[in-house]
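Dropping final_21.cif in here (mmCIF, N, CA, C and O atoms):
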```cif
data_target
#
loop_
_atom_site.label_atom_id
_atom_site.label_comp_id
_atom_site.auth_asym_id
_atom_site.auth_seq_id
_atom_site.Cartn_x
_atom_site.Cartn_y
_atom_site.Cartn_z
N MET O 146 160.00 74.92 12.65
CA MET O 146 158.80 74.50 13.34
C MET O 146 159.07 73.14 14.00
O MET O 146 159.50 72.20 13.33
N PRO O 147 158.78 73.01 15.30
CA PRO O 147 159.05 71.75 15.98
C PRO O 147 158.06 70.68 15.56
O PRO O 147 156.90 70.95 15.25
N LYS O 148 158.55 69.44 15.56
CA LYS O 148 157.68 68.31 15.24
C LYS O 148 156.84 67.96 16.45
O LYS O 148 157.28 68.11 17.59
N LEU O 149 155.64 67.49 16.21
CA LEU O 149 154.78 67.04 17.30
C LEU O 149 155.19 65.64 17.71
O LEU O 149 155.53 64.80 16.87
N SER O 150 155.16 65.37 18.98
CA SER O 150 155.48 64.03 19.44
C SER O 150 154.35 63.09 19.04
O SER O 150 153.23 63.50 18.74
N ARG O 151 154.66 61.81 19.05
CA ARG O 151 153.68 60.79 18.66
C ARG O 151 152.45 60.84 19.57
O ARG O 151 151.32 60.76 19.10
N SER O 152 152.66 60.99 20.88
CA SER O 152 151.52 61.00 21.80
C SER O 152 150.66 62.24 21.58
O SER O 152 149.44 62.20 21.69
N ARG O 153 151.29 63.35 21.27
CA ARG O 153 150.54 64.58 21.01
C ARG O 153 149.73 64.45 19.73
O ARG O 153 148.58 64.89 19.66
N THR O 154 150.30 63.83 18.73
CA THR O 154 149.60 63.60 17.47
C THR O 154 148.40 62.69 17.71
O THR O 154 147.31 62.93 17.18
N THR O 155 148.59 61.65 18.52
CA THR O 155 147.51 60.73 18.82
C THR O 155 146.36 61.45 19.52
O THR O 155 145.20 61.25 19.19
N VAL O 156 146.68 62.29 20.47
CA VAL O 156 145.64 63.05 21.18
C VAL O 156 144.89 63.96 20.21
O VAL O 156 143.67 64.04 20.25
N LEU O 157 145.62 64.62 19.33
CA LEU O 157 144.96 65.49 18.34
C LEU O 157 144.04 64.69 17.43
O LEU O 157 142.93 65.13 17.11
N HIS O 158 144.48 63.50 17.01
CA HIS O 158 143.64 62.65 16.17
C HIS O 158 142.40 62.20 16.93
O HIS O 158 141.31 62.13 16.36
N GLN O 159 142.56 61.90 18.20
CA GLN O 159 141.40 61.48 19.00
C GLN O 159 140.39 62.62 19.13
O GLN O 159 139.19 62.41 19.02
N ILE O 160 140.88 63.82 19.38
CA ILE O 160 140.00 64.98 19.50
C ILE O 160 139.29 65.25 18.18
O ILE O 160 138.07 65.47 18.14
N LEU O 161 140.04 65.21 17.10
CA LEU O 161 139.44 65.43 15.79
C LEU O 161 138.40 64.35 15.49
O LEU O 161 137.30 64.66 14.99
N GLY O 162 138.71 63.11 15.80
CA GLY O 162 137.76 62.02 15.58
C GLY O 162 136.48 62.22 16.39
O GLY O 162 135.37 62.03 15.88
N TRP O 163 136.62 62.63 17.65
CA TRP O 163 135.46 62.89 18.50
C TRP O 163 134.61 64.01 17.91
O TRP O 163 133.38 63.91 17.86
N MET O 164 135.26 65.05 17.46
CA MET O 164 134.53 66.18 16.88
C MET O 164 133.78 65.78 15.62
O MET O 164 132.62 66.16 15.42
N LEU O 165 134.42 65.00 14.77
CA LEU O 165 133.76 64.56 13.54
C LEU O 165 132.56 63.66 13.84
O LEU O 165 131.51 63.77 13.20
N ARG O 166 132.70 62.78 14.82
CA ARG O 166 131.58 61.91 15.21
C ARG O 166 130.43 62.74 15.80
O ARG O 166 129.26 62.48 15.53
N ALA O 167 130.77 63.75 16.61
CA ALA O 167 129.75 64.60 17.21
C ALA O 167 128.98 65.36 16.14
O ALA O 167 127.75 65.47 16.21
N VAL O 168 129.68 65.88 15.14
CA VAL O 168 129.02 66.60 14.05
C VAL O 168 128.12 65.65 13.25
O VAL O 168 126.99 66.00 12.90
N ALA O 169 128.59 64.44 13.01
CA ALA O 169 127.79 63.46 12.27
C ALA O 169 126.53 63.09 13.05
O ALA O 169 125.44 62.97 12.47
N LYS O 170 126.66 62.91 14.36
CA LYS O 170 125.49 62.59 15.19
C LYS O 170 124.47 63.72 15.12
O LYS O 170 123.27 63.49 14.98
N ARG O 171 124.94 64.94 15.24
CA ARG O 171 124.04 66.09 15.21
C ARG O 171 123.32 66.19 13.88
O ARG O 171 122.10 66.42 13.81
N ARG O 172 124.07 65.98 12.80
CA ARG O 172 123.48 66.04 11.46
C ARG O 172 122.41 64.95 11.31
O ARG O 172 121.32 65.21 10.77
N THR O 173 122.69 63.76 11.79
CA THR O 173 121.75 62.66 11.70
C THR O 173 120.49 62.96 12.50
O THR O 173 119.37 62.69 12.06
N ARG O 174 120.67 63.55 13.68
CA ARG O 174 119.51 63.88 14.51
C ARG O 174 118.66 64.98 13.88
O ARG O 174 117.44 64.96 13.98
N VAL O 175 119.30 65.92 13.22
CA VAL O 175 118.55 66.96 12.51
C VAL O 175 117.74 66.33 11.38
O VAL O 175 116.55 66.63 11.21
N HIS O 176 118.34 65.44 10.63
CA HIS O 176 117.63 64.77 9.53
C HIS O 176 116.46 63.95 10.08
O HIS O 176 115.38 63.94 9.49
N LEU O 177 116.68 63.29 11.21
CA LEU O 177 115.62 62.49 11.82
C LEU O 177 114.44 63.38 12.19
O LEU O 177 113.28 63.01 11.98
N SER O 178 114.72 64.56 12.69
CA SER O 178 113.65 65.48 13.10
C SER O 178 112.86 66.01 11.90
O SER O 178 111.74 66.51 12.08
N GLU O 179 113.41 65.91 10.71
CA GLU O 179 112.75 66.42 9.51
C GLU O 179 111.88 65.37 8.80
O GLU O 179 111.17 65.71 7.86
N LEU O 180 111.93 64.13 9.26
CA LEU O 180 111.14 63.07 8.63
C LEU O 180 109.67 63.19 9.02
O LEU O 180 109.34 63.60 10.13
N SER O 181 108.81 62.79 8.11
CA SER O 181 107.37 62.79 8.40
C SER O 181 107.04 61.60 9.31
O SER O 181 107.84 60.67 9.46
N ASP O 182 105.86 61.63 9.90
CA ASP O 182 105.44 60.52 10.76
C ASP O 182 105.43 59.20 9.99
O ASP O 182 105.81 58.16 10.52
N GLU O 183 104.99 59.25 8.73
CA GLU O 183 104.95 58.03 7.91
C GLU O 183 106.36 57.49 7.66
O GLU O 183 106.58 56.29 7.70
N GLN O 184 107.29 58.39 7.37
CA GLN O 184 108.68 57.96 7.14
C GLN O 184 109.28 57.36 8.41
O GLN O 184 110.00 56.36 8.36
N LEU O 185 108.97 57.96 9.55
CA LEU O 185 109.48 57.43 10.82
C LEU O 185 108.93 56.03 11.06
O LEU O 185 109.68 55.13 11.48
N LEU O 186 107.64 55.86 10.81
CA LEU O 186 107.05 54.54 11.01
C LEU O 186 107.67 53.51 10.07
O LEU O 186 107.83 52.35 10.44
N ASP O 187 108.05 53.93 8.87
CA ASP O 187 108.70 53.03 7.91
C ASP O 187 110.03 52.50 8.45
O ASP O 187 110.44 51.39 8.13
N ILE O 188 110.72 53.32 9.23
CA ILE O 188 112.02 52.88 9.77
C ILE O 188 111.90 52.35 11.20
O ILE O 188 112.90 52.05 11.85
N GLY O 189 110.65 52.24 11.69
CA GLY O 189 110.42 51.64 12.99
C GLY O 189 110.68 52.56 14.17
O GLY O 189 111.02 52.11 15.26
N VAL O 190 110.51 53.86 13.95
CA VAL O 190 110.72 54.84 15.01
C VAL O 190 109.44 55.64 15.18
O VAL O 190 108.86 56.12 14.20
N SER O 191 108.99 55.76 16.41
CA SER O 191 107.77 56.55 16.65
C SER O 191 108.12 58.03 16.61
O SER O 191 109.28 58.41 16.84
N PRO O 192 107.14 58.86 16.32
CA PRO O 192 107.40 60.30 16.34
C PRO O 192 107.92 60.78 17.69
O PRO O 192 108.79 61.65 17.75
N ALA O 193 107.42 60.21 18.78
CA ALA O 193 107.89 60.60 20.11
C ALA O 193 109.36 60.22 20.30
O ALA O 193 110.15 61.00 20.86
N GLN O 194 109.75 59.04 19.82
CA GLN O 194 111.16 58.62 19.92
C GLN O 194 112.04 59.55 19.10
O GLN O 194 113.14 59.91 19.53
N ALA O 195 111.57 59.93 17.93
CA ALA O 195 112.35 60.83 17.06
C ALA O 195 112.53 62.19 17.72
O ALA O 195 113.63 62.75 17.68
N ARG O 196 111.47 62.71 18.32
CA ARG O 196 111.58 64.00 19.01
C ARG O 196 112.57 63.92 20.16
O ARG O 196 113.39 64.81 20.35
N GLN O 197 112.47 62.84 20.93
CA GLN O 197 113.38 62.67 22.07
C GLN O 197 114.83 62.58 21.59
O GLN O 197 115.72 63.21 22.16
N GLU O 198 115.07 61.82 20.55
CA GLU O 198 116.43 61.67 20.02
C GLU O 198 116.96 62.97 19.45
O GLU O 198 118.12 63.33 19.64
N SER O 199 116.11 63.72 18.75
CA SER O 199 116.58 64.95 18.12
C SER O 199 116.88 66.06 19.13
O SER O 199 117.61 67.00 18.80
N LYS O 200 116.39 65.93 20.35
CA LYS O 200 116.65 66.92 21.39
C LYS O 200 117.97 66.66 22.13
O LYS O 200 118.41 67.52 22.90
N ARG O 201 118.57 65.49 21.90
CA ARG O 201 119.81 65.18 22.61
C ARG O 201 120.94 66.08 22.13
O ARG O 201 120.97 66.52 20.99
N PHE O 202 121.86 66.35 23.03
CA PHE O 202 123.02 67.18 22.69
C PHE O 202 123.98 66.40 21.81
O PHE O 202 124.03 65.17 21.86
N PHE O 203 124.77 67.10 21.02
CA PHE O 203 125.67 66.44 20.07
C PHE O 203 126.74 65.59 20.75
O PHE O 203 127.26 64.65 20.17
N TRP O 204 127.07 65.88 21.99
CA TRP O 204 128.10 65.11 22.68
C TRP O 204 127.53 63.89 23.37
O TRP O 204 128.25 63.07 23.91
N ASP O 205 126.22 63.78 23.37
CA ASP O 205 125.54 62.67 24.06
C ASP O 205 125.41 61.48 23.13
O ASP O 205 125.08 61.56 22.00
#
```
Output the structure of this file as structure tokens.
Amino acid sequence: MPKLSRSRTTVLHQILGWMLRAVAKRRTRVHLSELSDEQLLDIGVSPAQARQESKRFFWD
């Protein structure tokens, strides 16, 4: 099996890192959408802001 070059490994790590960050963002936005209005107000986010944020795409 051939070894991957250093630049190829770096690109793969960058892609994997981007994917992991995208999944984490999506998970966070899903959790945000599940909070009650009172919980949102506790963290300083209006329900409208939470709805807007939860509708964003995972790559955004």
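Pairwise distance (atom O of Gln184 in chain O, atom C of Phe202 in chain O) equals 21.8 Å.
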Who sits within 8 Å of Glu198 in chain O, only N, CA, C and O atoms, same chain under 2 positions skipped, as a PyMOL selection string: chain O and resi 170-171+173-175+177-178+191-196+200-203+205
- request: Can you work out the spacing between atom C of Arg151 in chain O and atom O of Ala169 in chain O in Å, to one decimal?
  value: 28.0 Å
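Put simply, atom O of His158 in chain O is 25.7 Å away from atom C of His176 in chain O.
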Filtered DSSP result for range 159-193 of chain O, state alpha helix (DSSP H), as a VMD selection string: chain O and resid 159 to 178 182 to 187 192 to 193
